[in-house]
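Text of structure_25.cif, listed as mmCIF, C-alpha atoms:
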data_query
#
loop_
_atom_site.group_PDB
_atom_site.id
_atom_site.type_symbol
_atom_site.label_atom_id
_atom_site.label_comp_id
_atom_site.auth_asym_id
_atom_site.auth_seq_id
_atom_site.Cartn_x
_atom_site.Cartn_y
_atom_site.Cartn_z
ATOM 1 C CA MET V 1 97.482 64.823 113.897
ATOM 2 C CA THR V 2 96.011 67.557 116.118
ATOM 3 C CA ASP V 3 96.528 70.970 114.547
ATOM 4 C CA SER V 4 94.493 73.178 116.861
ATOM 5 C CA ILE V 5 97.020 76.064 116.983
ATOM 6 C CA THR V 6 97.240 76.570 113.220
ATOM 7 C CA ASP V 7 95.810 79.896 112.088
ATOM 8 C CA TYR V 8 93.798 79.564 108.888
ATOM 9 C CA ALA V 9 92.539 83.152 108.951
ATOM 10 C CA GLN V 10 94.354 83.939 105.691
ATOM 11 C CA TRP V 11 91.974 81.551 103.910
ATOM 12 C CA ILE V 12 88.849 83.421 105.044
ATOM 13 C CA GLY V 13 87.657 85.557 102.142
ATOM 14 C CA ARG V 14 89.523 83.489 99.553
ATOM 15 C CA LYS V 15 87.592 83.348 96.275
ATOM 16 C CA GLU V 16 87.324 80.879 93.427
ATOM 17 C CA ILE V 17 85.511 81.482 90.126
ATOM 18 C CA THR V 18 84.520 78.589 87.871
ATOM 19 C CA ASP V 19 82.839 78.904 84.476
ATOM 20 C CA ASP V 20 80.860 76.108 82.840
ATOM 21 C CA ASP V 21 78.962 75.859 79.566
ATOM 22 C CA LEU V 22 76.297 73.660 81.237
ATOM 23 C CA GLY V 23 76.389 71.132 78.412
ATOM 24 C CA LEU V 24 73.668 68.539 78.058
ATOM 25 C CA SER V 25 75.825 65.428 78.608
ATOM 26 C CA PRO V 26 76.245 65.679 82.411
ATOM 27 C CA THR V 27 72.482 66.076 82.803
ATOM 28 C CA LEU V 28 71.794 63.010 80.687
ATOM 29 C CA ALA V 29 74.379 61.053 82.683
ATOM 30 C CA ALA V 30 72.778 62.213 85.942
ATOM 31 C CA ALA V 31 69.321 61.199 84.724
ATOM 32 C CA ALA V 32 70.654 57.731 83.872
ATOM 33 C CA THR V 33 72.374 57.407 87.264
ATOM 34 C CA LEU V 34 69.231 58.494 89.120
ATOM 35 C CA ASN V 35 67.103 56.235 86.903
ATOM 36 C CA ASP V 36 64.959 59.143 85.713
ATOM 37 C CA GLN V 37 63.465 57.739 82.528
ATOM 38 C CA ALA V 38 60.454 60.059 82.495
ATOM 39 C CA THR V 39 61.944 63.548 82.215
ATOM 40 C CA ARG V 40 63.001 64.715 78.778
ATOM 41 C CA PHE V 41 66.116 66.884 78.902
ATOM 42 C CA GLU V 42 67.491 68.964 76.042
ATOM 43 C CA SER V 43 69.382 72.212 75.560
ATOM 44 C CA GLY V 44 67.164 74.952 76.947
ATOM 45 C CA SER V 45 65.643 72.734 79.651
ATOM 46 C CA ALA V 46 65.717 73.881 83.254
ATOM 47 C CA LEU V 47 68.295 72.096 85.390
ATOM 48 C CA PRO V 48 66.578 70.288 88.311
ATOM 49 C CA PRO V 49 67.363 71.496 91.834
ATOM 50 C CA LEU V 50 70.752 70.295 93.169
ATOM 51 C CA TRP V 51 71.891 69.124 89.742
ATOM 52 C CA HIS V 52 74.237 72.128 89.644
ATOM 53 C CA TRP V 53 76.527 69.840 91.683
ATOM 54 C CA PHE V 54 77.242 67.952 88.440
ATOM 55 C CA TYR V 55 78.833 71.079 86.977
ATOM 56 C CA PHE V 56 81.542 73.590 88.000
ATOM 57 C CA LEU V 57 83.710 70.658 89.093
ATOM 58 C CA PRO V 58 87.306 70.961 90.355
ATOM 59 C CA LYS V 59 89.772 69.331 87.966
ATOM 60 C CA ALA V 60 92.955 68.704 89.932
ATOM 61 C CA PRO V 61 95.718 66.951 87.939
ATOM 62 C CA GLN V 62 96.263 63.322 88.881
ATOM 63 C CA SER V 63 99.633 64.237 90.403
ATOM 64 C CA GLN V 64 97.872 66.616 92.807
ATOM 65 C CA LEU V 65 95.598 63.993 94.368
ATOM 66 C CA ASP V 66 96.282 62.961 97.945
ATOM 67 C CA ILE V 67 96.296 59.359 99.182
ATOM 68 C CA ASP V 68 92.560 59.522 99.975
ATOM 69 C CA GLY V 69 91.701 60.713 96.465
ATOM 70 C CA HIS V 70 90.937 64.329 97.362
ATOM 71 C CA PRO V 71 93.035 67.136 95.876
ATOM 72 C CA LYS V 72 96.019 67.913 98.091
ATOM 73 C CA ARG V 73 95.318 70.554 100.688
ATOM 74 C CA GLY V 74 96.329 74.153 100.384
ATOM 75 C CA GLY V 75 94.634 75.409 97.216
ATOM 76 C CA PHE V 76 91.261 77.094 97.522
ATOM 77 C CA MET V 77 90.448 75.068 100.643
ATOM 78 C CA PRO V 78 92.745 75.482 103.682
ATOM 79 C CA PRO V 79 95.395 72.796 104.362
ATOM 80 C CA ILE V 80 93.580 71.230 107.326
ATOM 81 C CA PRO V 81 95.345 67.901 107.987
ATOM 82 C CA TYR V 82 92.492 65.862 109.481
ATOM 83 C CA PRO V 83 91.856 62.874 107.197
ATOM 84 C CA ARG V 84 88.097 62.369 107.503
ATOM 85 C CA ARG V 85 86.313 64.909 105.341
ATOM 86 C CA MET V 86 82.636 65.242 104.539
ATOM 87 C CA PHE V 87 80.129 67.582 102.944
ATOM 88 C CA ALA V 88 78.049 67.845 106.102
ATOM 89 C CA GLY V 89 75.277 70.225 105.133
ATOM 90 C CA SER V 90 74.053 73.027 102.937
ATOM 91 C CA ARG V 91 71.438 75.755 102.740
ATOM 92 C CA MET V 92 70.359 77.030 99.356
ATOM 93 C CA THR V 93 67.887 79.402 97.760
ATOM 94 C CA PHE V 94 66.678 78.970 94.175
ATOM 95 C CA HIS V 95 65.938 82.331 92.564
ATOM 96 C CA ARG V 96 65.588 80.962 89.037
ATOM 97 C CA PRO V 97 66.627 77.695 87.406
ATOM 98 C CA LEU V 98 69.904 77.323 85.580
ATOM 99 C CA VAL V 99 69.299 76.523 81.910
ATOM 100 C CA ILE V 100 71.088 73.664 80.171
ATOM 101 C CA GLY V 101 73.271 74.714 77.254
ATOM 102 C CA GLN V 102 73.927 78.285 78.376
ATOM 103 C CA PRO V 103 77.183 79.481 79.999
ATOM 104 C CA ALA V 104 77.083 79.996 83.749
ATOM 105 C CA ARG V 105 79.478 80.997 86.514
ATOM 106 C CA ARG V 106 80.067 79.811 90.074
ATOM 107 C CA GLU V 107 81.630 82.237 92.532
ATOM 108 C CA ALA V 108 82.767 80.626 95.792
ATOM 109 C CA VAL V 109 84.040 82.410 98.893
ATOM 110 C CA ILE V 110 85.313 80.925 102.146
ATOM 111 C CA ARG V 111 83.204 82.680 104.768
ATOM 112 C CA ASP V 112 84.471 81.144 107.986
ATOM 113 C CA ILE V 113 86.784 78.498 109.471
ATOM 114 C CA GLN V 114 86.332 77.180 112.996
ATOM 115 C CA GLN V 115 88.298 74.559 114.916
ATOM 116 C CA LYS V 116 86.779 72.674 117.821
ATOM 117 C CA SER V 117 87.348 69.639 120.004
ATOM 118 C CA GLY V 118 84.644 67.004 120.278
ATOM 119 C CA ARG V 119 84.220 63.560 121.777
ATOM 120 C CA SER V 120 85.774 62.010 118.675
ATOM 121 C CA GLY V 121 88.746 64.402 118.619
ATOM 122 C CA SER V 122 89.569 67.647 116.843
ATOM 123 C CA LEU V 123 87.323 69.004 114.115
ATOM 124 C CA ALA V 124 87.425 71.897 111.680
ATOM 125 C CA PHE V 125 84.386 73.484 110.047
ATOM 126 C CA VAL V 126 84.735 75.400 106.805
ATOM 127 C CA SER V 127 81.819 77.488 105.542
ATOM 128 C CA VAL V 128 81.821 78.121 101.780
ATOM 129 C CA VAL V 129 79.311 80.470 100.144
ATOM 130 C CA CYS V 130 78.595 79.724 96.479
ATOM 131 C CA SER V 131 76.680 81.969 94.100
ATOM 132 C CA TYR V 132 75.629 80.756 90.652
ATOM 133 C CA TYR V 133 75.009 83.206 87.825
ATOM 134 C CA GLN V 134 73.670 82.891 84.302
ATOM 135 C CA ASN V 135 73.063 85.788 81.895
ATOM 136 C CA ASN V 136 74.272 88.115 84.684
ATOM 137 C CA GLN V 137 71.405 86.997 86.915
ATOM 138 C CA LEU V 138 71.753 85.313 90.298
ATOM 139 C CA CYS V 139 70.176 81.860 90.030
ATOM 140 C CA ILE V 140 71.223 79.956 93.160
ATOM 141 C CA GLU V 141 72.717 80.948 96.498
ATOM 142 C CA GLU V 142 74.252 78.169 98.579
ATOM 143 C CA GLU V 143 76.206 77.949 101.819
ATOM 144 C CA GLN V 144 78.094 74.667 102.248
ATOM 145 C CA ASP V 145 79.396 73.145 105.481
ATOM 146 C CA ILE V 146 82.597 71.132 104.998
ATOM 147 C CA VAL V 147 83.813 69.221 108.069
ATOM 148 C CA TYR V 148 87.290 67.795 108.693
ATOM 149 C CA ARG V 149 87.828 65.260 111.497
ATOM 150 C CA GLU V 150 90.685 63.420 113.114
ATOM 151 C CA PRO V 151 90.751 59.627 112.731
ATOM 152 C CA GLY V 152 88.114 58.044 114.941
ATOM 153 C CA PRO V 153 87.234 54.574 116.153
ATOM 154 C CA THR V 154 86.116 51.904 113.731
ATOM 155 C CA VAL V 155 82.503 52.420 112.672
ATOM 156 C CA PRO V 156 80.391 49.298 113.338
ATOM 157 C CA SER V 157 78.067 47.794 110.758
ATOM 158 C CA PRO V 158 74.476 48.975 111.224
ATOM 159 C CA GLN V 159 72.039 46.508 112.714
ATOM 160 C CA VAL V 160 69.048 46.120 110.429
ATOM 161 C CA VAL V 161 65.672 46.753 112.053
ATOM 162 C CA ALA V 162 62.141 47.214 110.763
ATOM 163 C CA TRP V 163 61.333 50.840 109.991
ATOM 164 C CA PRO V 164 58.312 52.292 111.783
ATOM 165 C CA ALA V 165 55.320 53.148 109.636
ATOM 166 C CA ALA V 166 55.652 56.475 107.845
ATOM 167 C CA PRO V 167 52.985 59.173 108.342
ATOM 168 C CA GLU V 168 49.878 58.586 106.259
ATOM 169 C CA ASN V 169 50.506 61.521 103.902
ATOM 170 C CA ALA V 170 54.240 60.881 103.535
ATOM 171 C CA TRP V 171 56.183 60.395 100.326
ATOM 172 C CA THR V 172 58.538 57.458 100.658
ATOM 173 C CA ARG V 173 61.148 55.602 98.666
ATOM 174 C CA ILE V 174 63.460 52.712 99.456
ATOM 175 C CA VAL V 175 66.978 53.045 98.013
ATOM 176 C CA THR V 176 69.349 50.097 97.674
ATOM 177 C CA PRO V 177 72.863 51.534 97.330
ATOM 178 C CA ASP V 178 75.457 49.410 95.595
ATOM 179 C CA PRO V 179 78.981 49.958 94.217
ATOM 180 C CA ARG V 180 77.636 50.710 90.733
ATOM 181 C CA LEU V 181 75.512 53.614 91.969
ATOM 182 C CA LEU V 182 78.313 54.979 94.138
ATOM 183 C CA PHE V 183 80.838 54.703 91.313
ATOM 184 C CA ARG V 184 78.577 56.503 88.860
ATOM 185 C CA PHE V 185 77.872 59.307 91.328
ATOM 186 C CA SER V 186 81.600 59.667 91.991
ATOM 187 C CA ALA V 187 82.132 59.921 88.241
ATOM 188 C CA LEU V 188 79.328 62.481 87.857
ATOM 189 C CA THR V 189 80.896 64.730 90.486
ATOM 190 C CA PHE V 190 84.534 63.961 89.520
ATOM 191 C CA ASN V 191 85.038 62.858 93.108
ATOM 192 C CA ALA V 192 87.963 60.482 93.633
ATOM 193 C CA HIS V 193 87.469 60.108 97.403
ATOM 194 C CA ARG V 194 88.271 56.430 97.878
ATOM 195 C CA ILE V 195 85.735 55.749 100.637
ATOM 196 C CA HIS V 196 83.037 55.636 97.957
ATOM 197 C CA TYR V 197 84.515 52.988 95.630
ATOM 198 C CA ASP V 198 87.650 51.420 97.179
ATOM 199 C CA ARG V 199 86.409 48.932 99.774
ATOM 200 C CA PRO V 200 89.844 47.895 101.156
ATOM 201 C CA TYR V 201 90.704 51.567 101.684
ATOM 202 C CA ALA V 202 87.313 52.446 103.208
ATOM 203 C CA THR V 203 87.410 49.543 105.659
ATOM 204 C CA GLY V 204 91.143 49.188 106.301
ATOM 205 C CA GLU V 205 92.318 52.804 106.333
ATOM 206 C CA GLU V 206 89.309 54.827 107.454
ATOM 207 C CA GLY V 207 87.552 52.193 109.562
ATOM 208 C CA TYR V 208 84.163 52.100 107.853
ATOM 209 C CA PRO V 209 82.206 48.820 107.574
ATOM 210 C CA GLY V 210 81.591 49.255 103.849
ATOM 211 C CA LEU V 211 81.572 51.777 101.041
ATOM 212 C CA VAL V 212 80.218 55.137 102.151
ATOM 213 C CA VAL V 213 77.192 56.633 100.412
ATOM 214 C CA HIS V 214 77.992 60.204 99.362
ATOM 215 C CA GLY V 215 76.217 62.785 101.490
ATOM 216 C CA PRO V 216 75.358 64.804 98.352
ATOM 217 C CA LEU V 217 73.883 61.667 96.761
ATOM 218 C CA THR V 218 71.511 61.243 99.704
ATOM 219 C CA ALA V 219 70.620 64.946 99.498
ATOM 220 C CA VAL V 220 69.973 64.697 95.752
ATOM 221 C CA LEU V 221 67.761 61.641 96.293
ATOM 222 C CA LEU V 222 65.738 63.537 98.915
ATOM 223 C CA MET V 223 65.329 66.463 96.523
ATOM 224 C CA GLU V 224 64.353 64.047 93.748
ATOM 225 C CA LEU V 225 61.651 62.653 96.040
ATOM 226 C CA VAL V 226 60.296 66.187 96.260
ATOM 227 C CA ARG V 227 60.661 66.889 92.538
ATOM 228 C CA HIS V 228 58.713 63.794 91.545
ATOM 229 C CA SER V 229 56.038 64.169 94.241
ATOM 230 C CA ALA V 230 55.292 67.889 94.584
ATOM 231 C CA THR V 231 53.365 70.106 92.194
ATOM 232 C CA ARG V 232 55.186 73.342 93.074
ATOM 233 C CA PRO V 233 58.830 74.301 92.436
ATOM 234 C CA ALA V 234 61.303 74.451 95.291
ATOM 235 C CA ARG V 235 62.278 77.847 96.671
ATOM 236 C CA THR V 236 64.716 76.696 99.357
ATOM 237 C CA PHE V 237 66.389 73.451 100.342
ATOM 238 C CA SER V 238 68.652 72.616 103.255
ATOM 239 C CA PHE V 239 70.124 69.417 104.593
ATOM 240 C CA ARG V 240 72.269 68.190 107.453
ATOM 241 C CA GLY V 241 74.140 64.901 107.561
ATOM 242 C CA LEU V 242 73.805 63.136 110.911
ATOM 243 C CA ALA V 243 75.306 59.688 110.322
ATOM 244 C CA PRO V 244 76.928 57.834 107.412
ATOM 245 C CA LEU V 245 75.110 55.376 105.180
ATOM 246 C CA PHE V 246 76.818 52.375 103.603
ATOM 247 C CA ASP V 247 76.315 49.992 100.693
ATOM 248 C CA LEU V 248 75.450 47.210 103.151
ATOM 249 C CA ALA V 249 71.659 47.560 103.277
ATOM 250 C CA PRO V 250 68.791 49.657 101.867
ATOM 251 C CA PHE V 251 67.847 53.000 103.385
ATOM 252 C CA ARG V 252 64.519 54.830 103.339
ATOM 253 C CA LEU V 253 63.637 58.343 102.192
ATOM 254 C CA VAL V 254 60.627 60.020 103.806
ATOM 255 C CA GLY V 255 59.053 63.371 102.984
ATOM 256 C CA VAL V 256 56.133 64.840 104.925
ATOM 257 C CA PRO V 257 54.472 67.823 103.187
ATOM 258 C CA ASP V 258 52.813 70.478 105.324
ATOM 259 C CA ASP V 259 51.547 73.913 104.310
ATOM 260 C CA GLY V 260 54.021 74.972 101.638
ATOM 261 C CA LYS V 261 57.006 72.993 102.816
ATOM 262 C CA VAL V 262 58.147 69.437 103.300
ATOM 263 C CA SER V 263 60.241 67.881 106.056
ATOM 264 C CA LEU V 264 62.577 65.160 104.846
ATOM 265 C CA GLU V 265 64.640 62.391 106.395
ATOM 266 C CA ALA V 266 66.842 59.539 105.232
ATOM 267 C CA HIS V 267 66.555 56.577 107.592
ATOM 268 C CA GLY V 268 69.407 54.118 107.857
ATOM 269 C CA PRO V 269 68.802 50.365 108.082
ATOM 270 C CA ASP V 270 69.200 50.740 111.869
ATOM 271 C CA GLY V 271 66.139 53.021 111.944
ATOM 272 C CA LYS V 272 68.142 56.126 112.855
ATOM 273 C CA THR V 273 67.998 59.367 110.898
ATOM 274 C CA ALA V 274 71.120 59.640 108.748
ATOM 275 C CA MET V 275 70.143 62.942 107.113
ATOM 276 C CA SER V 276 67.494 65.548 107.794
ATOM 277 C CA ALA V 277 66.379 68.103 105.239
ATOM 278 C CA SER V 278 63.740 70.711 104.568
ATOM 279 C CA CYS V 279 62.281 72.187 101.387
ATOM 280 C CA GLU V 280 60.050 75.235 101.014
ATOM 281 C CA PHE V 281 58.037 75.839 97.863
ATOM 282 C CA ALA V 282 57.837 78.979 95.778
#
Rewrite the structure from the file as structure tokens, please.
Amino acid sequence: MTDSITDYAQWIGRKEITDDDLGLSPTLAAAATLNDQATRFESGSALPPLWHWFYFLPKAPQSQLDIDGHPKRGGFMPPIPYPRRMFAGSRMTFHRPLVIGQPARREAVIRDIQQKSGRSGSLAFVSVVCSYYQNNQLCIEEEQDIVYREPGPTVPSPQVVAWPAAPENAWTRIVTPDPRLLFRFSALTFNAHRIHYDRPYATGEEGYPGLVVHGPLTAVLLMELVRHSATRPARTFSFRGLAPLFDLAPFRLVGVPDDGKVSLEAHGPDGKTAMSASCEFA
């Protein structure tokens, strides 16, 4: 499986352009999935932060899907053979909101590809820079970190512990992930990765103890905590995945505001930080 000598330099600088009419339906479906019954969305409404992930979606033909559900390697993304893939982090700046019902464009460029060896085996890191435009104006800049890993040892089930008390001024929310939520988020993002909905595959082939909560879902939930708690719009948002979450037990979201920004964490049922994030306000 190790592919450390392969040169992927020809993929650096590769570009992909995706147009989308930003129709209302995906936003309404996202609101239903996230249980947002308070916000009224219509054509002309501003798209909430991170909800651009529900648009500009890749649409690989069914015949081009690999065994894990991802599109086969070698298109826009390099043909890295390691089977475990994850959206490990992102840094984004919001210049102006995208508007529902108006055409927009996503321009993606592969900035860098690095291969390393870690304790769990070989890894590859792909940095993708995405720019989102509407009416010829830059709306969002985002740099995504995509990580590919060799097969690793079986991941044990988390041991449930009592979470420590959150800071007094913290925003908190308890999320109970279940297959319905994970399926709907997979559908929203047109993501056929089987670890999120196919339990026999997730446990038998990739060695997870249950269905894996999407990293972007956790990030969206953290941003939603901010959106429903803060009084100022977000200017920047970044996140980093530290450990997987599963549909086996609830997890906790915590946001601690401080002087124009908020520090965020998602705590697994074992009390460990599964994702850290930060948001700065305009």
List every residue of segment 115-205 of chain V that has an atom at most 8 Å from any atom of segment 93-111 of chain V, and for each one report the closest atom pair and its distance in Å to one decimal, counting all atoms listed in the file, with rows sorted by chain and then by increasing residue number, as JSON lines.
{"residue": "V:Val126", "atom": "CA", "partner": "V:Ile110", "partner_atom": "CA", "distance": 7.3}
{"residue": "V:Ser127", "atom": "CA", "partner": "V:Arg111", "partner_atom": "CA", "distance": 5.4}
{"residue": "V:Val128", "atom": "CA", "partner": "V:Ile110", "partner_atom": "CA", "distance": 4.5}
{"residue": "V:Val129", "atom": "CA", "partner": "V:Val109", "partner_atom": "CA", "distance": 5.3}
{"residue": "V:Cys130", "atom": "CA", "partner": "V:Ala108", "partner_atom": "CA", "distance": 4.3}
{"residue": "V:Ser131", "atom": "CA", "partner": "V:Glu107", "partner_atom": "CA", "distance": 5.2}
{"residue": "V:Tyr132", "atom": "CA", "partner": "V:Arg106", "partner_atom": "CA", "distance": 4.6}
{"residue": "V:Tyr133", "atom": "CA", "partner": "V:Arg105", "partner_atom": "CA", "distance": 5.2}
{"residue": "V:Gln134", "atom": "CA", "partner": "V:Ala104", "partner_atom": "CA", "distance": 4.5}
{"residue": "V:Asn135", "atom": "CA", "partner": "V:Ala104", "partner_atom": "CA", "distance": 7.3}
{"residue": "V:Leu138", "atom": "CA", "partner": "V:His95", "partner_atom": "CA", "distance": 6.9}
{"residue": "V:Cys139", "atom": "CA", "partner": "V:Arg96", "partner_atom": "CA", "distance": 4.8}
{"residue": "V:Ile140", "atom": "CA", "partner": "V:Phe94", "partner_atom": "CA", "distance": 4.8}
{"residue": "V:Glu141", "atom": "CA", "partner": "V:Thr93", "partner_atom": "CA", "distance": 5.2}
{"residue": "V:Glu142", "atom": "CA", "partner": "V:Thr93", "partner_atom": "CA", "distance": 6.5}
Requested write-out: C-alpha atoms of the selected residues, as a JSON list (two decimals), keeping the file's coordinate frame:
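Writing the result to again_1.json gives the following:
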[["chain", "number", "residue", "atom", "x", "y", "z"],
["V", 126, "VAL", "CA", 84.74, 75.40, 106.80],
["V", 127, "SER", "CA", 81.82, 77.49, 105.54],
["V", 128, "VAL", "CA", 81.82, 78.12, 101.78],
["V", 129, "VAL", "CA", 79.31, 80.47, 100.14],
["V", 130, "CYS", "CA", 78.60, 79.72, 96.48],
["V", 131, "SER", "CA", 76.68, 81.97, 94.10],
["V", 132, "TYR", "CA", 75.63, 80.76, 90.65],
["V", 133, "TYR", "CA", 75.01, 83.21, 87.82],
["V", 134, "GLN", "CA", 73.67, 82.89, 84.30],
["V", 135, "ASN", "CA", 73.06, 85.79, 81.90],
["V", 138, "LEU", "CA", 71.75, 85.31, 90.30],
["V", 139, "CYS", "CA", 70.18, 81.86, 90.03],
["V", 140, "ILE", "CA", 71.22, 79.96, 93.16],
["V", 141, "GLU", "CA", 72.72, 80.95, 96.50],
["V", 142, "GLU", "CA", 74.25, 78.17, 98.58]]
Subject >> Interatomic distance (Å, one decimal) between atom CA of Glu205 of chain V and atom CA of Pro151 of chain V >> reply: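 Computed distance, atom CA of Glu205 of chain V to atom CA of Pro151 of chain V, equals 9.5 Å.
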Original post:
Suppose you want the space between atom CA of Thr203 of chain V and atom CA of Trp163 of chain V; what is it in Å?
Top reply: 26.5 Å
Original post:
Which of these residues is nearest to His214 of chain V, using only C-alpha atoms: V:Met86, V:Ala282, V:Leu242, V:Ile113?
Top reply: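 Among the listed residues, the smallest separation from His214 of chain V belongs to V:Met86.
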Original post:
Hey, can you check how far atom CA of Ser263 of chain V sits from atom CA of Ala277 of chain V?
Top reply: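 These atoms are spaced 6.2 Å apart.
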**OP:** Run through the PyMOL selection byres ((chain V and resi 260) around 7) on the given coordinates and return the selected residues as a list in words.
**Re:**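 Given this file, the PyMOL selection byres ((chain V and resi 260) around 7) evaluates to Asp258, Asp259, Lys261, Glu280 and Phe281 of chain V.
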**OP:** List the residues matched by the PyMOL selection byres ((chain V and resi 202) around 12) in the displayed structure as a list in words, ordered by chain and then by residue number.
**Re:**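 With the PyMOL selection byres ((chain V and resi 202) around 12) on this model, the match is Asp68, Gly69, Arg84, Thr154, Val155, His193, Arg194, Ile195, His196, Tyr197, Asp198, Arg199, Pro200, Tyr201, Thr203, Gly204, Glu205, Glu206, Gly207, Tyr208, Pro209, Gly210, Leu211, Val212, Val213, Phe246 and Asp247 of chain V.
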Using C-alpha atoms, can you write the selected residues to a file as an mmCIF file, in the coordinates of the input?
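Done, and the output landed in again21.cif:
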data_model
loop_
_atom_site.group_PDB
_atom_site.id
_atom_site.type_symbol
_atom_site.label_atom_id
_atom_site.label_comp_id
_atom_site.auth_asym_id
_atom_site.auth_seq_id
_atom_site.Cartn_x
_atom_site.Cartn_y
_atom_site.Cartn_z
ATOM 1 C CA ASP V 68 92.560 59.522 99.975
ATOM 2 C CA GLY V 69 91.701 60.713 96.465
ATOM 3 C CA ARG V 84 88.097 62.369 107.503
ATOM 4 C CA THR V 154 86.116 51.904 113.731
ATOM 5 C CA VAL V 155 82.503 52.420 112.672
ATOM 6 C CA HIS V 193 87.469 60.108 97.403
ATOM 7 C CA ARG V 194 88.271 56.430 97.878
ATOM 8 C CA ILE V 195 85.735 55.749 100.637
ATOM 9 C CA HIS V 196 83.037 55.636 97.957
ATOM 10 C CA TYR V 197 84.515 52.988 95.630
ATOM 11 C CA ASP V 198 87.650 51.420 97.179
ATOM 12 C CA ARG V 199 86.409 48.932 99.774
ATOM 13 C CA PRO V 200 89.844 47.895 101.156
ATOM 14 C CA TYR V 201 90.704 51.567 101.684
ATOM 15 C CA THR V 203 87.410 49.543 105.659
ATOM 16 C CA GLY V 204 91.143 49.188 106.301
ATOM 17 C CA GLU V 205 92.318 52.804 106.333
ATOM 18 C CA GLU V 206 89.309 54.827 107.454
ATOM 19 C CA GLY V 207 87.552 52.193 109.562
ATOM 20 C CA TYR V 208 84.163 52.100 107.853
ATOM 21 C CA PRO V 209 82.206 48.820 107.574
ATOM 22 C CA GLY V 210 81.591 49.255 103.849
ATOM 23 C CA LEU V 211 81.572 51.777 101.041
ATOM 24 C CA VAL V 212 80.218 55.137 102.151
ATOM 25 C CA VAL V 213 77.192 56.633 100.412
ATOM 26 C CA PHE V 246 76.818 52.375 103.603
ATOM 27 C CA ASP V 247 76.315 49.992 100.693
#
**OP:** Go through V:Leu182, V:Leu50, V:Leu65, V:Ala230 one by one, measure the shortest atom-to-atom distance of each to Arg91 of chain V using all atoms listed in the file, and give the residue with the smallest value.
**Re:**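 Result for the nearest residue to Arg91 of chain V: V:Leu50.
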